[in-house]
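Structure file entry_26.cif (mmCIF, N, CA, C and O atoms) is printed below.
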```
data_my_file
#
loop_
_atom_site.label_atom_id
_atom_site.label_comp_id
_atom_site.auth_asym_id
_atom_site.auth_seq_id
_atom_site.Cartn_x
_atom_site.Cartn_y
_atom_site.Cartn_z
N MET A 1 208.08 227.73 124.26
CA MET A 1 208.82 228.95 124.07
C MET A 1 209.52 228.90 122.71
O MET A 1 210.01 227.87 122.29
N ARG A 2 209.54 230.00 122.05
CA ARG A 2 210.13 230.09 120.72
C ARG A 2 211.61 230.44 120.82
O ARG A 2 212.00 231.31 121.59
N LYS A 3 212.39 229.78 120.02
CA LYS A 3 213.82 230.01 120.06
C LYS A 3 214.19 231.09 119.04
O LYS A 3 213.79 231.04 117.89
N THR A 4 214.94 232.07 119.47
CA THR A 4 215.39 233.13 118.57
C THR A 4 216.88 232.99 118.35
O THR A 4 217.61 232.46 119.18
N ARG A 5 217.31 233.53 117.24
CA ARG A 5 218.72 233.42 116.94
C ARG A 5 219.22 234.78 116.48
O ARG A 5 218.55 235.49 115.72
N ASP A 6 220.38 235.16 116.92
CA ASP A 6 220.98 236.44 116.54
C ASP A 6 221.76 236.29 115.25
O ASP A 6 222.56 235.37 115.08
N ILE A 7 221.53 237.20 114.34
CA ILE A 7 222.24 237.21 113.07
C ILE A 7 222.91 238.55 112.94
O ILE A 7 222.28 239.60 113.12
N GLY A 8 224.18 238.56 112.58
CA GLY A 8 224.90 239.81 112.37
C GLY A 8 224.39 240.50 111.11
O GLY A 8 223.77 239.89 110.23
N PHE A 9 224.68 241.80 111.02
CA PHE A 9 224.18 242.60 109.91
C PHE A 9 224.73 242.09 108.58
O PHE A 9 224.00 241.95 107.61
N ARG A 10 226.04 241.80 108.52
CA ARG A 10 226.64 241.31 107.28
C ARG A 10 226.05 239.96 106.89
O ARG A 10 225.76 239.71 105.72
N ASN A 11 225.87 239.06 107.83
CA ASN A 11 225.29 237.76 107.53
C ASN A 11 223.84 237.90 107.09
O ASN A 11 223.37 237.15 106.25
N PHE A 12 223.15 238.86 107.65
CA PHE A 12 221.75 239.09 107.28
C PHE A 12 221.65 239.52 105.82
O PHE A 12 220.78 239.07 105.09
N LEU A 13 222.55 240.41 105.39
CA LEU A 13 222.49 240.90 104.01
C LEU A 13 222.94 239.85 103.00
O LEU A 13 222.43 239.80 101.89
N HIS A 14 223.89 239.01 103.36
CA HIS A 14 224.44 238.06 102.40
C HIS A 14 223.78 236.69 102.48
O HIS A 14 224.04 235.84 101.66
N GLN A 15 222.94 236.49 103.45
CA GLN A 15 222.29 235.19 103.60
C GLN A 15 221.06 235.10 102.69
O GLN A 15 220.32 236.07 102.56
N PRO A 16 220.86 233.98 102.01
CA PRO A 16 219.65 233.87 101.20
C PRO A 16 218.41 233.96 102.07
O PRO A 16 218.44 233.62 103.25
N SER A 17 217.33 234.43 101.48
CA SER A 17 216.11 234.66 102.26
C SER A 17 215.57 233.34 102.81
O SER A 17 215.71 232.28 102.21
N PHE A 18 214.95 233.45 103.97
CA PHE A 18 214.35 232.28 104.61
C PHE A 18 213.11 231.87 103.84
O PHE A 18 212.46 232.68 103.19
N LYS A 19 212.76 230.60 103.92
CA LYS A 19 211.53 230.14 103.28
C LYS A 19 210.33 230.65 104.06
O LYS A 19 210.35 230.72 105.28
N SER A 20 209.32 230.98 103.33
CA SER A 20 208.10 231.48 103.96
C SER A 20 207.41 230.34 104.70
O SER A 20 207.37 229.20 104.24
N SER A 21 206.86 230.65 105.86
CA SER A 21 206.17 229.62 106.63
C SER A 21 204.77 229.35 106.07
O SER A 21 204.19 228.31 106.33
N THR A 22 204.24 230.29 105.34
CA THR A 22 202.92 230.09 104.76
C THR A 22 203.07 229.79 103.27
O THR A 22 203.86 230.41 102.58
N GLN A 23 202.33 228.84 102.80
CA GLN A 23 202.34 228.48 101.39
C GLN A 23 201.18 229.19 100.69
O GLN A 23 200.08 229.26 101.24
N PRO A 24 201.42 229.74 99.51
CA PRO A 24 200.31 230.39 98.80
C PRO A 24 199.27 229.37 98.38
O PRO A 24 199.59 228.26 97.96
N ARG A 25 198.03 229.75 98.56
CA ARG A 25 196.93 228.87 98.17
C ARG A 25 196.49 229.19 96.76
O ARG A 25 196.28 230.36 96.43
N PRO A 26 196.33 228.19 95.91
CA PRO A 26 195.87 228.48 94.55
C PRO A 26 194.39 228.88 94.56
O PRO A 26 193.59 228.35 95.32
N PHE A 27 194.05 229.81 93.71
CA PHE A 27 192.66 230.22 93.59
C PHE A 27 192.41 230.62 92.14
O PHE A 27 193.31 230.99 91.42
N LYS A 28 191.16 230.52 91.74
CA LYS A 28 190.77 230.91 90.39
C LYS A 28 190.35 232.37 90.40
O LYS A 28 189.59 232.80 91.26
N ALA A 29 190.84 233.11 89.44
CA ALA A 29 190.48 234.52 89.32
C ALA A 29 189.75 234.73 88.00
O ALA A 29 190.21 234.29 86.95
N TYR A 30 188.63 235.37 88.06
CA TYR A 30 187.85 235.67 86.87
C TYR A 30 187.85 237.18 86.66
O TYR A 30 187.86 237.95 87.62
N SER A 31 187.87 237.59 85.41
CA SER A 31 187.83 239.03 85.14
C SER A 31 186.75 239.32 84.10
O SER A 31 186.45 238.49 83.25
N PHE A 32 186.21 240.50 84.19
CA PHE A 32 185.20 240.95 83.25
C PHE A 32 185.59 242.35 82.80
O PHE A 32 185.80 243.23 83.63
N VAL A 33 185.71 242.54 81.49
CA VAL A 33 186.06 243.85 80.96
C VAL A 33 184.81 244.44 80.34
O VAL A 33 184.34 243.96 79.30
N PRO A 34 184.23 245.46 80.96
CA PRO A 34 183.00 246.04 80.41
C PRO A 34 183.31 246.84 79.14
O PRO A 34 184.42 247.28 78.90
N PHE A 35 182.29 247.02 78.34
CA PHE A 35 182.41 247.80 77.11
C PHE A 35 182.59 249.27 77.47
O PHE A 35 181.88 249.80 78.31
N SER A 36 183.55 249.91 76.84
CA SER A 36 183.81 251.32 77.10
C SER A 36 183.62 252.12 75.81
O SER A 36 184.28 251.83 74.81
N PRO A 37 182.78 253.14 75.82
CA PRO A 37 182.63 253.98 74.63
C PRO A 37 183.90 254.73 74.28
O PRO A 37 184.11 255.12 73.14
N LEU A 38 184.78 254.94 75.26
CA LEU A 38 186.04 255.64 74.99
C LEU A 38 186.95 254.83 74.08
O LEU A 38 187.90 255.36 73.50
N ALA A 39 186.69 253.54 73.95
CA ALA A 39 187.50 252.71 73.07
C ALA A 39 187.30 253.10 71.61
O ALA A 39 188.13 252.77 70.76
N MET A 40 186.24 253.82 71.30
CA MET A 40 186.02 254.28 69.93
C MET A 40 187.00 255.38 69.54
O MET A 40 187.07 255.77 68.39
N LEU A 41 187.76 255.91 70.50
CA LEU A 41 188.75 256.94 70.20
C LEU A 41 190.07 256.34 69.73
O LEU A 41 191.09 257.02 69.71
N ASP A 42 190.04 255.10 69.33
CA ASP A 42 191.22 254.44 68.78
C ASP A 42 191.62 255.14 67.48
O ASP A 42 190.74 255.47 66.67
N PRO A 43 192.90 255.39 67.25
CA PRO A 43 193.32 256.10 66.03
C PRO A 43 192.88 255.42 64.73
O PRO A 43 192.55 256.10 63.76
N THR A 44 192.86 254.10 64.71
CA THR A 44 192.44 253.41 63.48
C THR A 44 190.97 253.67 63.18
O THR A 44 190.60 253.97 62.03
N ILE A 45 190.13 253.57 64.21
CA ILE A 45 188.69 253.83 64.03
C ILE A 45 188.47 255.28 63.61
O ILE A 45 187.66 255.57 62.71
N LEU A 46 189.18 256.22 64.24
CA LEU A 46 189.02 257.63 63.89
C LEU A 46 189.49 257.91 62.47
O LEU A 46 188.88 258.72 61.76
N THR A 47 190.56 257.25 62.03
CA THR A 47 191.05 257.46 60.67
C THR A 47 190.05 256.95 59.64
O THR A 47 189.75 257.64 58.66
N ILE A 48 189.52 255.77 59.87
CA ILE A 48 188.53 255.22 58.94
C ILE A 48 187.29 256.12 58.88
O ILE A 48 186.78 256.44 57.80
N GLY A 49 186.82 256.55 60.04
CA GLY A 49 185.66 257.45 60.09
C GLY A 49 185.93 258.78 59.40
O GLY A 49 185.07 259.33 58.71
N GLY A 50 187.14 259.31 59.58
CA GLY A 50 187.49 260.58 58.94
C GLY A 50 187.55 260.48 57.44
O GLY A 50 187.12 261.39 56.72
N ILE A 51 188.07 259.36 56.94
CA ILE A 51 188.13 259.17 55.48
C ILE A 51 186.73 259.08 54.90
O ILE A 51 186.43 259.72 53.88
N VAL A 52 185.86 258.32 55.52
CA VAL A 52 184.49 258.18 55.02
C VAL A 52 183.76 259.53 55.10
O VAL A 52 183.05 259.92 54.16
N LEU A 53 183.95 260.24 56.20
CA LEU A 53 183.31 261.56 56.34
C LEU A 53 183.85 262.53 55.30
O LEU A 53 183.09 263.32 54.71
N GLY A 54 185.15 262.48 55.03
CA GLY A 54 185.75 263.35 54.02
C GLY A 54 185.20 263.08 52.63
O GLY A 54 184.91 264.02 51.86
N ILE A 55 185.02 261.81 52.28
CA ILE A 55 184.45 261.47 50.98
C ILE A 55 183.01 261.96 50.87
O ILE A 55 182.60 262.47 49.82
N ALA A 56 182.25 261.86 51.95
CA ALA A 56 180.86 262.33 51.93
C ALA A 56 180.81 263.86 51.76
O ALA A 56 179.95 264.38 51.02
N ILE A 57 181.73 264.56 52.41
CA ILE A 57 181.76 266.03 52.27
C ILE A 57 182.16 266.42 50.85
O ILE A 57 181.58 267.34 50.26
N ILE A 58 183.14 265.72 50.28
CA ILE A 58 183.53 265.99 48.89
C ILE A 58 182.36 265.75 47.94
O ILE A 58 182.13 266.53 47.00
N GLU A 59 181.60 264.70 48.21
CA GLU A 59 180.44 264.42 47.37
C GLU A 59 179.42 265.55 47.43
O GLU A 59 178.85 265.96 46.41
N ARG A 60 179.18 266.09 48.62
CA ARG A 60 178.23 267.20 48.76
C ARG A 60 178.74 268.46 48.07
O ARG A 60 177.96 269.22 47.46
N ILE A 61 180.04 268.71 48.17
CA ILE A 61 180.61 269.90 47.52
C ILE A 61 180.47 269.78 46.00
O ILE A 61 180.09 270.74 45.32
N LEU A 62 180.77 268.59 45.47
CA LEU A 62 180.64 268.39 44.02
C LEU A 62 179.18 268.53 43.57
O LEU A 62 178.91 269.02 42.47
N GLU A 63 178.26 268.11 44.44
CA GLU A 63 176.84 268.26 44.10
C GLU A 63 176.45 269.74 44.03
O GLU A 63 175.70 270.15 43.15
N ARG A 64 176.97 270.55 44.94
CA ARG A 64 176.68 271.99 44.90
C ARG A 64 177.29 272.66 43.68
O ARG A 64 176.74 273.63 43.15
N TRP A 65 178.45 272.19 43.24
CA TRP A 65 179.09 272.76 42.07
C TRP A 65 178.39 272.34 40.78
O TRP A 65 178.67 272.90 39.72
N GLY A 66 177.53 271.34 40.87
CA GLY A 66 176.78 270.92 39.70
C GLY A 66 177.47 269.85 38.86
O GLY A 66 177.11 269.67 37.70
N VAL A 67 178.45 269.20 39.40
CA VAL A 67 179.15 268.14 38.67
C VAL A 67 178.43 266.84 38.98
O VAL A 67 178.91 266.00 39.75
N ILE A 68 177.27 266.64 38.38
CA ILE A 68 176.40 265.53 38.72
C ILE A 68 176.98 264.19 38.27
O ILE A 68 176.82 263.18 38.96
N ASP A 69 177.67 264.16 37.13
CA ASP A 69 178.25 262.90 36.66
C ASP A 69 179.27 262.36 37.67
O ASP A 69 179.30 261.17 37.96
N LEU A 70 180.11 263.24 38.17
CA LEU A 70 181.11 262.83 39.15
C LEU A 70 180.45 262.42 40.48
O LEU A 70 180.89 261.47 41.14
N VAL A 71 179.38 263.11 40.84
CA VAL A 71 178.65 262.76 42.07
C VAL A 71 178.03 261.37 41.92
O VAL A 71 178.04 260.57 42.88
N ASP A 72 177.50 261.05 40.74
CA ASP A 72 176.94 259.71 40.52
C ASP A 72 178.02 258.63 40.63
O ASP A 72 177.77 257.55 41.18
N GLN A 73 179.20 258.92 40.11
CA GLN A 73 180.31 257.96 40.24
C GLN A 73 180.68 257.76 41.71
O GLN A 73 180.92 256.64 42.16
N PHE A 74 180.74 258.87 42.47
CA PHE A 74 181.02 258.77 43.91
C PHE A 74 179.96 257.95 44.61
O PHE A 74 180.25 257.13 45.49
N ALA A 75 178.69 258.16 44.24
CA ALA A 75 177.58 257.44 44.88
C ALA A 75 177.68 255.94 44.61
O ALA A 75 177.44 255.13 45.52
N LYS A 76 178.04 255.57 43.39
CA LYS A 76 178.19 254.15 43.09
C LYS A 76 179.31 253.51 43.90
O LYS A 76 179.18 252.39 44.39
N VAL A 77 180.43 254.23 44.02
CA VAL A 77 181.56 253.71 44.79
C VAL A 77 181.20 253.65 46.28
O VAL A 77 181.53 252.67 46.97
N MET A 78 180.51 254.67 46.77
CA MET A 78 180.18 254.72 48.20
C MET A 78 179.16 253.65 48.58
O MET A 78 179.16 253.19 49.73
N ARG A 79 178.30 253.23 47.66
CA ARG A 79 177.37 252.14 47.96
C ARG A 79 178.09 250.86 48.30
O ARG A 79 177.59 250.02 49.04
N PHE A 80 179.27 250.68 47.74
CA PHE A 80 180.08 249.51 48.05
C PHE A 80 181.01 249.75 49.24
O PHE A 80 181.15 248.91 50.13
N ILE A 81 181.64 250.94 49.28
CA ILE A 81 182.66 251.22 50.29
C ILE A 81 182.06 251.37 51.69
O ILE A 81 182.64 250.87 52.67
N LEU A 82 180.94 252.04 51.81
CA LEU A 82 180.38 252.30 53.15
C LEU A 82 180.05 251.02 53.93
O LEU A 82 180.46 250.89 55.09
N PRO A 83 179.31 250.06 53.37
CA PRO A 83 179.05 248.84 54.15
C PRO A 83 180.32 248.04 54.47
O PRO A 83 180.48 247.53 55.57
N VAL A 84 181.22 247.95 53.49
CA VAL A 84 182.47 247.22 53.73
C VAL A 84 183.28 247.89 54.83
O VAL A 84 183.81 247.24 55.74
N THR A 85 183.37 249.21 54.80
CA THR A 85 184.11 249.96 55.82
C THR A 85 183.45 249.81 57.18
O THR A 85 184.14 249.62 58.19
N PHE A 86 182.13 249.91 57.22
CA PHE A 86 181.42 249.80 58.50
C PHE A 86 181.65 248.44 59.14
O PHE A 86 182.02 248.35 60.32
N TYR A 87 181.45 247.38 58.38
CA TYR A 87 181.61 246.04 58.95
C TYR A 87 183.07 245.72 59.28
O TYR A 87 183.36 245.05 60.26
N SER A 88 184.00 246.23 58.48
CA SER A 88 185.42 246.02 58.78
C SER A 88 185.79 246.73 60.08
O SER A 88 186.51 246.17 60.92
N ALA A 89 185.34 247.97 60.26
CA ALA A 89 185.63 248.71 61.48
C ALA A 89 184.98 248.04 62.69
O ALA A 89 185.56 247.99 63.77
N LEU A 90 183.77 247.52 62.50
CA LEU A 90 183.08 246.83 63.60
C LEU A 90 183.83 245.57 64.01
O LEU A 90 184.03 245.31 65.21
N ILE A 91 184.27 244.79 63.04
CA ILE A 91 185.03 243.57 63.35
C ILE A 91 186.36 243.94 64.01
O ILE A 91 186.77 243.31 64.99
N TYR A 92 187.03 244.96 63.50
CA TYR A 92 188.30 245.41 64.10
C TYR A 92 188.07 245.84 65.55
O TYR A 92 188.84 245.51 66.44
N PHE A 93 187.01 246.60 65.77
CA PHE A 93 186.72 247.11 67.12
C PHE A 93 186.50 245.97 68.10
O PHE A 93 187.09 245.93 69.17
N PHE A 94 185.65 245.00 67.73
CA PHE A 94 185.37 243.90 68.64
C PHE A 94 186.56 242.96 68.80
O PHE A 94 186.79 242.43 69.87
N ALA A 95 187.33 242.78 67.74
CA ALA A 95 188.50 241.90 67.84
C ALA A 95 189.59 242.52 68.70
O ALA A 95 190.33 241.82 69.39
N THR A 96 189.72 243.84 68.66
CA THR A 96 190.77 244.52 69.40
C THR A 96 190.41 244.77 70.85
O THR A 96 191.24 244.60 71.74
N PHE A 97 189.19 245.18 71.12
CA PHE A 97 188.85 245.64 72.46
C PHE A 97 188.07 244.65 73.29
O PHE A 97 187.90 244.84 74.48
N MET A 98 187.56 243.61 72.69
CA MET A 98 186.75 242.69 73.47
C MET A 98 187.49 241.39 73.80
O MET A 98 187.08 240.66 74.67
N PHE A 99 188.55 241.07 73.09
CA PHE A 99 189.25 239.82 73.34
C PHE A 99 190.62 240.06 73.88
O PHE A 99 191.30 240.92 73.72
#
```

How does the structure come out when it is put into structure tokens?
Amino acid sequence: MRKTRDIGFRNFLHQPSFKSSTQPRPFKAYSFVPFSPLAMLDPTILTIGGIVLGIAIIERILERWGVIDLVDQFAKVMRFILPVTFYSALIYFFATFMF
């Protein structure tokens, strides 16, 4: 037979909690974070993409206006900027969202 004990309301509130009769068992938890395309909506990624898109649009507008010398200068700069920007954004994306 189990022995019970009466505790008054005031003693119940002011008494430290009883020790749990069950001990927590340690276990290993593994997690997997799948790739989400919505992660591309990060403000940094969108800003970089917007700047590159804006430069490309400016280049097209200058080409229509007939300012070919300036368009050639833009093309030379963009040959360097586009790959660097793409790989930098890719590294940023994987470093931020995958780890």

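In this structure, atom C of Ile45 of chain A sits 12.8 Å away from atom CA of Phe94 of chain A.
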
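Of the residues listed (A:Asp6, A:Tyr87, A:Ala56, A:Lys28), A:Ala56 shows the shortest atom-to-atom separation from Phe74 of chain A; distances use only C-alpha atoms.
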
Each residue of segment 38-59 of chain A with at least one atom at most 9 Å from segment 77-86 of chain A should appear once, together with its nearest atom pair and the corresponding distance in Å (one decimal); atoms considered: only C-alpha atoms; ordering: chain, then increasing residue number; output as a tab-separated table.
```
residue	atom	partner	partner_atom	distance
A:Ile48	CA	A:Thr85	CA	7.5
A:Gly49	CA	A:Thr85	CA	8.8
A:Val52	CA	A:Leu82	CA	7.4
A:Ile55	CA	A:Met78	CA	8.5
A:Ala56	CA	A:Met78	CA	8.5
```

Worksheet item: In Å, how far is it from atom CA of Lys76 of chain A to atom CA of Ile91 of chain A?
Response: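 Atom CA of Ile91 of chain A lies 23.9 Å from atom CA of Lys76 of chain A.
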
Worksheet item: With only N, CA, C and O atoms as the atoms that count, which of A:Thr44, A:Asn11, A:Pro26, A:Lys3 lies nearest to Ala89 of chain A?
Response: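 Among A:Thr44, A:Asn11, A:Pro26, A:Lys3, it is A:Thr44 that comes nearest to Ala89 of chain A.
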
Fill in: Point-to-point distance from atom N of Val67 of chain A to atom O of Thr47 of chain A, Å rounded to tenths
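About the pair atom N of Val67 of chain A and atom O of Thr47 of chain A: they are 25.1 Å apart.
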